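Peer 1: start19.cif (mmCIF, C-alpha atoms) pasted underneath:
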data_protein
#
loop_
_atom_site.label_atom_id
_atom_site.label_comp_id
_atom_site.auth_asym_id
_atom_site.auth_seq_id
_atom_site.Cartn_x
_atom_site.Cartn_y
_atom_site.Cartn_z
CA SER X 1 99.25 134.56 44.22
CA ALA X 2 98.50 134.89 47.89
CA VAL X 3 100.25 132.84 50.55
CA ILE X 4 97.86 131.78 53.27
CA SER X 5 99.00 130.25 56.54
CA GLN X 6 96.60 128.41 58.76
CA LYS X 7 97.10 126.96 62.17
CA PRO X 8 96.68 124.56 63.70
CA SER X 9 97.09 122.21 60.76
CA ARG X 10 95.36 119.50 62.75
CA ASP X 11 94.05 118.92 66.22
CA ILE X 12 92.18 116.38 68.25
CA CYS X 13 89.62 117.93 70.53
CA GLN X 14 87.29 116.81 73.25
CA ARG X 15 83.55 117.15 72.97
CA GLY X 16 82.26 120.40 74.45
CA THR X 17 85.47 122.35 74.01
CA SER X 18 86.18 125.17 71.58
CA LEU X 19 89.04 125.67 69.17
CA THR X 20 90.20 128.77 67.35
CA ILE X 21 91.74 128.50 63.90
CA GLN X 22 93.99 131.29 62.69
CA CYS X 23 94.45 132.43 59.12
CA GLN X 24 97.22 134.79 58.05
CA VAL X 25 97.54 136.17 54.50
CA ASP X 26 100.71 137.72 53.11
CA SER X 27 98.82 140.60 51.50
CA GLN X 28 95.90 142.81 52.35
CA VAL X 29 92.57 141.45 51.22
CA THR X 30 89.05 142.76 51.55
CA MET X 31 87.25 139.50 52.05
CA MET X 32 88.30 136.26 53.66
CA PHE X 33 86.21 133.13 53.37
CA TRP X 34 85.88 130.22 55.74
CA TYR X 35 84.92 126.84 54.29
CA ARG X 36 84.25 123.44 55.76
CA GLN X 37 84.99 120.21 53.96
CA GLN X 38 83.54 117.12 55.53
CA PRO X 39 84.72 113.69 54.38
CA GLY X 40 83.41 112.90 50.92
CA GLN X 41 81.55 116.19 50.74
CA SER X 42 81.93 119.37 48.78
CA LEU X 43 83.33 122.57 50.14
CA THR X 44 80.68 124.42 52.10
CA LEU X 45 80.98 128.12 52.77
CA ILE X 46 80.58 128.93 56.44
CA ALA X 47 80.94 132.69 56.34
CA THR X 48 82.56 135.66 54.68
CA ALA X 49 84.69 137.89 56.89
CA ASN X 50 85.13 141.55 56.03
CA GLN X 51 87.44 143.76 58.00
CA GLY X 52 85.58 146.20 60.19
CA SER X 53 82.18 144.57 60.00
CA GLU X 54 80.36 141.51 61.22
CA ALA X 55 80.91 138.33 59.28
CA THR X 56 78.18 137.20 56.91
CA TYR X 57 77.06 133.66 57.67
CA GLU X 58 75.57 131.18 55.23
CA SER X 59 72.38 129.30 55.89
CA GLY X 60 72.92 126.66 58.52
CA PHE X 61 75.80 128.42 60.23
CA VAL X 62 75.41 130.78 63.18
CA ILE X 63 77.70 133.18 64.94
CA ASP X 64 77.31 131.52 68.32
CA LYS X 65 78.69 128.28 66.96
CA PHE X 66 81.29 129.75 64.59
CA PRO X 67 82.37 133.18 65.84
CA ILE X 68 84.74 134.93 63.47
CA SER X 69 87.13 137.79 64.04
CA ARG X 70 88.69 139.98 61.38
CA PRO X 71 90.85 142.54 63.17
CA ASN X 72 92.79 143.68 60.10
CA LEU X 73 93.19 143.12 56.37
CA THR X 74 95.59 140.19 56.66
CA PHE X 75 94.25 138.11 59.51
CA SER X 76 91.12 136.26 60.59
CA THR X 77 90.13 133.63 63.11
CA LEU X 78 87.33 131.08 63.14
CA THR X 79 86.28 129.51 66.40
CA VAL X 80 84.41 126.23 66.48
CA SER X 81 82.49 126.36 69.74
CA ASN X 82 81.11 123.62 71.95
CA MET X 83 82.37 120.99 69.58
CA SER X 84 80.70 117.68 68.89
CA PRO X 85 81.89 114.77 66.74
CA GLU X 86 79.79 116.19 63.87
CA ASP X 87 82.21 119.12 63.75
CA SER X 88 85.05 116.82 62.74
CA SER X 89 86.07 118.25 59.42
CA ILE X 90 88.66 120.20 57.50
CA TYR X 91 88.29 123.94 57.85
CA LEU X 92 89.75 126.08 55.11
CA CYS X 93 90.48 129.76 54.91
CA SER X 94 90.51 131.34 51.48
CA VAL X 95 90.87 134.66 49.69
CA GLU X 96 90.15 135.83 46.19
CA SER X 97 92.97 135.98 43.71
CA GLY X 98 92.82 139.73 43.36
CA GLN X 99 92.48 139.52 39.60
CA GLY X 100 88.96 140.91 39.79
CA ARG X 101 87.34 137.58 38.99
CA THR X 102 84.94 136.39 41.62
CA GLY X 103 85.37 132.71 42.31
CA GLU X 104 89.09 132.49 41.81
CA LEU X 105 90.25 131.51 45.25
CA PHE X 106 93.47 130.70 47.01
CA PHE X 107 93.15 128.35 49.95
CA GLY X 108 95.14 127.87 53.09
CA GLU X 109 96.48 124.44 53.90
CA GLY X 110 93.45 123.65 56.00
CA SER X 111 92.91 122.70 59.63
CA ARG X 112 91.85 119.11 60.18
CA LEU X 113 89.81 118.81 63.36
CA THR X 114 88.84 115.55 64.98
CA VAL X 115 86.36 115.74 67.84
CA LEU X 116 86.17 112.78 70.17
CA GLN H 1 68.14 121.04 44.76
CA LYS H 2 71.84 120.72 44.23
CA GLU H 3 73.36 123.63 42.38
CA VAL H 4 76.31 121.64 41.10
CA GLU H 5 76.40 117.95 40.24
CA GLN H 6 79.50 116.07 39.22
CA ASN H 7 79.86 112.60 37.80
CA SER H 8 80.33 110.57 40.90
CA GLY H 9 83.40 108.62 39.97
CA PRO H 10 85.84 107.47 40.95
CA LEU H 11 87.32 107.64 37.49
CA SER H 12 90.27 105.51 36.56
CA VAL H 13 92.20 105.90 33.30
CA PRO H 14 95.51 104.58 32.02
CA GLU H 15 98.47 106.87 31.57
CA GLY H 16 98.30 108.68 28.25
CA ALA H 17 94.52 108.48 27.95
CA ILE H 18 92.02 111.33 27.96
CA ALA H 19 90.21 111.85 31.24
CA SER H 20 86.79 113.46 30.98
CA LEU H 21 85.23 115.09 34.01
CA ASN H 22 81.71 116.42 33.83
CA CYS H 23 79.61 118.82 35.82
CA THR H 24 76.01 119.98 35.45
CA TYR H 25 74.40 122.91 37.15
CA SER H 26 70.90 124.12 37.87
CA ASP H 27 71.07 127.92 37.89
CA ARG H 28 70.86 129.35 34.39
CA GLY H 29 72.16 132.65 35.68
CA SER H 30 75.54 131.15 36.52
CA GLN H 31 78.25 133.20 34.92
CA SER H 32 81.63 131.89 35.93
CA PHE H 33 82.86 128.32 36.08
CA PHE H 34 85.93 126.90 37.69
CA TRP H 35 87.83 123.67 38.04
CA TYR H 36 89.86 123.10 41.17
CA ARG H 37 92.24 120.23 41.74
CA GLN H 38 92.71 118.79 45.20
CA TYR H 39 95.45 116.31 45.94
CA SER H 40 94.86 113.98 48.84
CA GLY H 41 95.51 115.78 52.11
CA LYS H 42 96.00 119.11 50.39
CA SER H 43 93.85 122.17 49.81
CA PRO H 44 92.15 122.90 46.48
CA GLU H 45 94.00 124.84 43.79
CA LEU H 46 92.46 126.57 40.80
CA ILE H 47 93.48 125.05 37.49
CA MET H 48 90.95 126.40 34.98
CA PHE H 49 88.22 128.99 34.67
CA ILE H 50 85.82 129.60 31.83
CA TYR H 51 83.17 132.26 31.30
CA SER H 52 82.05 131.88 27.68
CA ASN H 53 80.49 129.05 25.74
CA GLY H 54 82.96 126.86 23.93
CA ASP H 55 86.36 125.49 24.71
CA LYS H 56 89.26 126.93 26.59
CA GLU H 57 92.61 125.19 26.39
CA ASP H 58 95.58 125.43 28.71
CA GLY H 59 98.29 122.91 28.05
CA ARG H 60 96.86 119.43 28.50
CA PHE H 61 93.68 120.79 30.03
CA THR H 62 90.57 121.86 28.13
CA ALA H 63 87.50 123.30 29.80
CA GLN H 64 84.26 123.14 27.85
CA LEU H 65 81.17 125.16 28.64
CA ASN H 66 77.68 124.75 27.23
CA LYS H 67 75.31 127.16 28.91
CA ALA H 68 72.29 126.02 26.91
CA SER H 69 72.71 122.49 28.23
CA GLN H 70 74.02 123.69 31.57
CA TYR H 71 77.14 121.64 31.70
CA VAL H 72 80.81 122.24 32.01
CA SER H 73 83.51 119.67 31.52
CA LEU H 74 87.23 119.27 31.93
CA LEU H 75 89.29 117.16 29.59
CA ILE H 76 92.78 116.10 30.53
CA ARG H 77 94.79 114.88 27.57
CA ASP H 78 97.78 112.59 27.89
CA SER H 79 96.86 111.89 31.50
CA GLN H 80 99.75 111.41 33.89
CA PRO H 81 99.87 109.68 37.27
CA SER H 82 100.53 113.13 38.74
CA ASP H 83 97.04 114.12 37.59
CA SER H 84 95.58 111.71 40.14
CA ALA H 85 93.51 113.92 42.42
CA THR H 86 89.98 115.00 43.16
CA TYR H 87 88.63 117.59 40.72
CA LEU H 88 86.06 120.05 42.01
CA CYS H 89 83.71 121.92 39.74
CA ALA H 90 82.59 125.32 41.02
CA LEU H 91 80.40 128.07 39.71
CA TRP H 92 79.39 131.58 40.56
CA GLY H 93 76.52 133.76 39.49
CA SER H 94 75.15 137.08 40.60
CA THR H 95 71.81 135.47 41.46
CA LEU H 96 73.55 132.83 43.51
CA GLY H 97 75.64 135.45 45.22
CA ARG H 98 78.33 133.00 46.22
CA LEU H 99 80.56 130.27 44.87
CA TYR H 100 79.13 126.75 44.83
CA PHE H 101 81.29 123.65 44.70
CA GLY H 102 80.42 120.19 43.50
CA ARG H 103 81.36 117.16 45.56
CA GLY H 104 84.28 116.39 43.32
CA THR H 105 85.33 113.50 41.11
CA GLN H 106 88.28 111.41 42.16
CA LEU H 107 90.58 110.64 39.26
CA THR H 108 93.23 107.95 39.29
CA VAL H 109 95.70 107.67 36.44
CA TRP H 110 97.51 104.34 36.50
CA PRO H 111 100.86 103.75 34.84
#
Let me see whether you can do it: turn the structure in this file into structure tokens.
Peer 2:
Amino acid sequence: SAVISQKPSRDICQRGTSLTIQCQVDSQVTMMFWYRQQPGQSLTLIATANQGSEATYESGFVIDKFPISRPNLTFSTLTVSNMSPEDSSIYLCSVESGQGRTGELFFGEGSRLTVL
Amino acid sequence: QKEVEQNSGPLSVPEGAIASLNCTYSDRGSQSFFWYRQYSGKSPELIMFIYSNGDKEDGRFTAQLNKASQYVSLLIRDSQPSDSATYLCALWGSTLGRLYFGRGTQLTVWP
């Protein structure tokens, strides 16, 4: 199993500011996934980050709002830009299990953001 | 159109009972089905996966898949208070191209 470290674990942010979330994995992985979980809602995929290429964003998410970096095979960052209260959510980094079965994910501990 | 629907819950069962969690899906091309457990304040963890029609048992957990009826369920036998969590159904298919999660069913097992 992969060990995924995320930071910050939680933060309170002011409207209009930006925050970068870091995700560190203890092994090399091809793809890293960023999810958002709003209160009472399902997990929603924001984007898939591949090392050496631009992240692939899901419908409703754009690079200007959620820029992602993937400088190597063990690390990624997600920035939430120009935050508004609607961005208050838990953001989760995840990777596949490596057992060759798509959909088997390990998740980081999550970053709980509150935007005032 | 929601790809994954779960019984809304919350579901409350006494200790020792069978908890039944259900999930229906819309895409007939879905190929892989997963159950994740999420304790309050924690991240989801995979507890079961199933790919073929029928039942798959792992300890007190049984996943059931019926592709013709497009539903997948999770049975928890001899429920324990430590099973109290939100259970997320998820599925993947090549036509979907990504993993879809349901909204989750909150389960409470009371002593």
Peer 1: For chain X, which residues have at least one atom within 6 Å of chain H, if we go by all atoms listed in the file? Write them as an MDAnalysis selection string, please.
Peer 2: chainID X and resid 41:43 103 109
Peer 1: Around (92.0, 112.1, 38.8), as given in the file, which residues come within 12 Å? Count all atoms listed in the file and list them as JSON, numbers by chain.
Peer 2: {"H": [8, 9, 10, 11, 12, 13, 14, 15, 17, 18, 19, 20, 21, 36, 37, 38, 39, 40, 74, 75, 76, 77, 79, 80, 81, 82, 83, 84, 85, 86, 87, 88, 104, 105, 106, 107, 108, 109, 110]}
Peer 1: Pull out every residue that the PyMOL selection byres ((chain X and resi 50-56) around 8) matches in the shown coordinates and put them as a count of residues only.
Peer 2: 14
Peer 1: Compile the contact shell of Ser27 of chain X as an mmCIF file with C-alpha atoms, in the coordinates of the input: residues with an atom at most 8 Å away, counting all atoms listed in the file, same-chain residues fewer than 2 positions apart removed.
Peer 2:
data_model
loop_
_atom_site.group_PDB
_atom_site.id
_atom_site.type_symbol
_atom_site.label_atom_id
_atom_site.label_comp_id
_atom_site.auth_asym_id
_atom_site.auth_seq_id
_atom_site.Cartn_x
_atom_site.Cartn_y
_atom_site.Cartn_z
ATOM 1 C CA ALA X 2 98.500 134.890 47.890
ATOM 2 C CA VAL X 3 100.250 132.840 50.550
ATOM 3 C CA VAL X 25 97.540 136.170 54.500
ATOM 4 C CA VAL X 29 92.570 141.450 51.220
ATOM 5 C CA LEU X 73 93.190 143.120 56.370
ATOM 6 C CA THR X 74 95.590 140.190 56.660
#
Peer 1: Given the file shown, enumerate the residues that the PyMOL selection byres ((chain X and resi 108) around 9) captures and present them as a PDB file with C-alpha atoms, in the coordinates of the input.
Peer 2:
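Final file, expr06.pdb:
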ATOM      1  CA  VAL X   3     100.250 132.840  50.550  1.00  0.00           C
ATOM      2  CA  ILE X   4      97.860 131.780  53.270  1.00  0.00           C
ATOM      3  CA  SER X   5      99.000 130.250  56.540  1.00  0.00           C
ATOM      4  CA  GLN X   6      96.600 128.410  58.760  1.00  0.00           C
ATOM      5  CA  CYS X  23      94.450 132.430  59.120  1.00  0.00           C
ATOM      6  CA  GLN X  24      97.220 134.790  58.050  1.00  0.00           C
ATOM      7  CA  VAL X  25      97.540 136.170  54.500  1.00  0.00           C
ATOM      8  CA  LEU X  92      89.750 126.080  55.110  1.00  0.00           C
ATOM      9  CA  CYS X  93      90.480 129.760  54.910  1.00  0.00           C
ATOM     10  CA  SER X  94      90.510 131.340  51.480  1.00  0.00           C
ATOM     11  CA  VAL X  95      90.870 134.660  49.690  1.00  0.00           C
ATOM     12  CA  PHE X 106      93.470 130.700  47.010  1.00  0.00           C
ATOM     13  CA  PHE X 107      93.150 128.350  49.950  1.00  0.00           C
ATOM     14  CA  GLU X 109      96.480 124.440  53.900  1.00  0.00           C
ATOM     15  CA  GLY X 110      93.450 123.650  56.000  1.00  0.00           C
ATOM     16  CA  SER X 111      92.910 122.700  59.630  1.00  0.00           C
TER      17      SER X 111
ATOM     18  CA  SER H  43      93.850 122.170  49.810  1.00  0.00           C
ATOM     19  CA  PRO H  44      92.150 122.900  46.480  1.00  0.00           C
TER      20      PRO H  44
END
Peer 1: Fewer than 5 positions away in the same chain doesn't count, so skip those; otherwise give me all residues within 6 Å of Cys23 of chain H, counting all atoms listed in the file, as a list of chain:residue names.
Peer 2: H:Glu5, H:Gln6, H:Tyr71, H:Val72, H:Ser73
Peer 1: Can you tell me how far atom CA of Glu3 of chain H sits from atom CA of Asp27 of chain H, in Å to one decimal?
Peer 2: 6.6 Å
Peer 1: Using all atoms listed in the file, which residue out of X:Thr17, X:Thr114, X:Thr102, X:Ser1 lies closest to Tyr51 of chain H?
Peer 2: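 Selected residue with least distance to Tyr51 of chain H: X:Thr102.
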Peer 1: Since I can't run it myself right now, could you work out what the PyMOL selection byres ((chain X and resi 91) around 9) selects here and report it as a list in words?
Peer 2: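 Applying the PyMOL selection byres ((chain X and resi 91) around 9) to the structure shown produces Ile21, Trp34, Tyr35, Arg36, Gln37, Gln38, Leu78, Ser89, Ile90, Leu92, Cys93, Gly110, Ser111, Arg112 and Leu113 of chain X.
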Peer 1: Those same residues - C-alpha atoms - I'd like them written as a PDB file, in the coordinates of the input.
Peer 2:
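Output contents, as saved in part.pdb:
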ATOM      1  CA  ILE X  21      91.740 128.500  63.900  1.00  0.00           C
ATOM      2  CA  TRP X  34      85.880 130.220  55.740  1.00  0.00           C
ATOM      3  CA  TYR X  35      84.920 126.840  54.290  1.00  0.00           C
ATOM      4  CA  ARG X  36      84.250 123.440  55.760  1.00  0.00           C
ATOM      5  CA  GLN X  37      84.990 120.210  53.960  1.00  0.00           C
ATOM      6  CA  GLN X  38      83.540 117.120  55.530  1.00  0.00           C
ATOM      7  CA  LEU X  78      87.330 131.080  63.140  1.00  0.00           C
ATOM      8  CA  SER X  89      86.070 118.250  59.420  1.00  0.00           C
ATOM      9  CA  ILE X  90      88.660 120.200  57.500  1.00  0.00           C
ATOM     10  CA  LEU X  92      89.750 126.080  55.110  1.00  0.00           C
ATOM     11  CA  CYS X  93      90.480 129.760  54.910  1.00  0.00           C
ATOM     12  CA  GLY X 110      93.450 123.650  56.000  1.00  0.00           C
ATOM     13  CA  SER X 111      92.910 122.700  59.630  1.00  0.00           C
ATOM     14  CA  ARG X 112      91.850 119.110  60.180  1.00  0.00           C
ATOM     15  CA  LEU X 113      89.810 118.810  63.360  1.00  0.00           C
TER      16      LEU X 113
END
Peer 1: As an exercise, work out the distance from atom CA of Leu65 of chain H to atom CA of Ile50 of chain H in Å and give it to one decimal place.
Peer 2: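 Taking atom CA of Leu65 of chain H as the start and atom CA of Ile50 of chain H as the end point, the length is 7.2 Å.
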Peer 1: For Leu116 of chain X, work out the shell of residues within 7 Å, counting all atoms listed in the file and skipping chain neighbours fewer than 4 positions away, then give it as a ChimeraX atom specification.
Peer 2: /X:13-15,85
Peer 1: When you draw a straight line from atom CA of Arg28 of chain H to atom CA of Ala68 of chain H, how long is it in Å?
Peer 2: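 Separating atom CA of Arg28 of chain H from atom CA of Ala68 of chain H is a distance of 8.3 Å.
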Peer 1: Which is closest to Val115 of chain X among X:Thr77, X:Ser88, X:Ser9, X:Asn82, if we use only C-alpha atoms?
Peer 2: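 Selected residue with least distance to Val115 of chain X: X:Ser88.
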Peer 1: Because the input lacks atoms here, generate all heavy atoms for segment 42-53 of chain X and report them as a compact mmCIF listing (two decimals), keeping the file's coordinate frame.
Peer 2:
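Dumped to rebuild_35.txt:
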# COMPACT_ATOMS: atom_id res chain seq x y z
N SER X 42 81.39 118.20 49.45
CA SER X 42 81.93 119.37 48.78
C SER X 42 82.34 120.42 49.80
O SER X 42 82.07 120.31 50.99
CB SER X 42 80.88 119.95 47.83
OG SER X 42 79.77 120.43 48.57
N LEU X 43 82.99 121.44 49.29
CA LEU X 43 83.33 122.57 50.14
C LEU X 43 82.06 123.36 50.43
O LEU X 43 81.30 123.69 49.53
CB LEU X 43 84.32 123.48 49.42
CG LEU X 43 85.73 122.92 49.25
CD1 LEU X 43 86.48 123.70 48.19
CD2 LEU X 43 86.46 123.01 50.57
N THR X 44 81.85 123.67 51.68
CA THR X 44 80.68 124.42 52.10
C THR X 44 81.13 125.73 52.73
O THR X 44 81.93 125.71 53.67
CB THR X 44 79.84 123.62 53.10
OG1 THR X 44 79.44 122.38 52.50
CG2 THR X 44 78.59 124.40 53.51
N LEU X 45 80.61 126.82 52.23
CA LEU X 45 80.98 128.12 52.77
C LEU X 45 80.31 128.33 54.12
O LEU X 45 79.09 128.18 54.23
CB LEU X 45 80.57 129.23 51.80
CG LEU X 45 80.90 130.66 52.21
CD1 LEU X 45 82.41 130.87 52.30
CD2 LEU X 45 80.28 131.65 51.23
N ILE X 46 81.11 128.65 55.11
CA ILE X 46 80.58 128.93 56.44
C ILE X 46 80.20 130.41 56.53
O ILE X 46 79.08 130.76 56.89
CB ILE X 46 81.61 128.60 57.54
CG1 ILE X 46 81.93 127.11 57.54
CG2 ILE X 46 81.10 129.06 58.91
CD1 ILE X 46 83.09 126.74 58.46
N ALA X 47 81.16 131.26 56.20
CA ALA X 47 80.94 132.69 56.34
C ALA X 47 81.98 133.47 55.56
O ALA X 47 83.05 132.95 55.22
CB ALA X 47 80.97 133.10 57.80
N THR X 48 81.65 134.71 55.31
CA THR X 48 82.56 135.66 54.68
C THR X 48 82.93 136.71 55.72
O THR X 48 82.03 137.29 56.36
CB THR X 48 81.90 136.34 53.47
OG1 THR X 48 81.50 135.33 52.54
CG2 THR X 48 82.86 137.31 52.81
N ALA X 49 84.21 136.95 55.87
CA ALA X 49 84.69 137.89 56.89
C ALA X 49 85.25 139.13 56.23
O ALA X 49 86.20 139.06 55.45
CB ALA X 49 85.75 137.22 57.76
N ASN X 50 84.65 140.26 56.51
CA ASN X 50 85.13 141.55 56.03
C ASN X 50 85.73 142.32 57.20
O ASN X 50 85.20 142.30 58.31
CB ASN X 50 83.99 142.37 55.44
CG ASN X 50 83.47 141.77 54.15
OD1 ASN X 50 84.22 141.45 53.26
ND2 ASN X 50 82.16 141.59 54.08
N GLN X 51 86.81 142.99 56.94
CA GLN X 51 87.44 143.76 58.00
C GLN X 51 86.55 144.93 58.39
O GLN X 51 86.03 145.64 57.55
CB GLN X 51 88.81 144.27 57.54
CG GLN X 51 89.68 144.81 58.65
CD GLN X 51 89.50 146.29 58.89
OE1 GLN X 51 89.10 147.01 57.99
NE2 GLN X 51 89.80 146.75 60.09
N GLY X 52 86.35 145.07 59.68
CA GLY X 52 85.58 146.20 60.19
C GLY X 52 84.09 146.00 60.24
O GLY X 52 83.36 146.94 60.58
N SER X 53 83.62 144.81 59.92
CA SER X 53 82.18 144.57 60.00
C SER X 53 81.94 143.13 60.46
O SER X 53 82.86 142.31 60.48
CB SER X 53 81.50 144.82 58.66
OG SER X 53 81.99 143.92 57.68
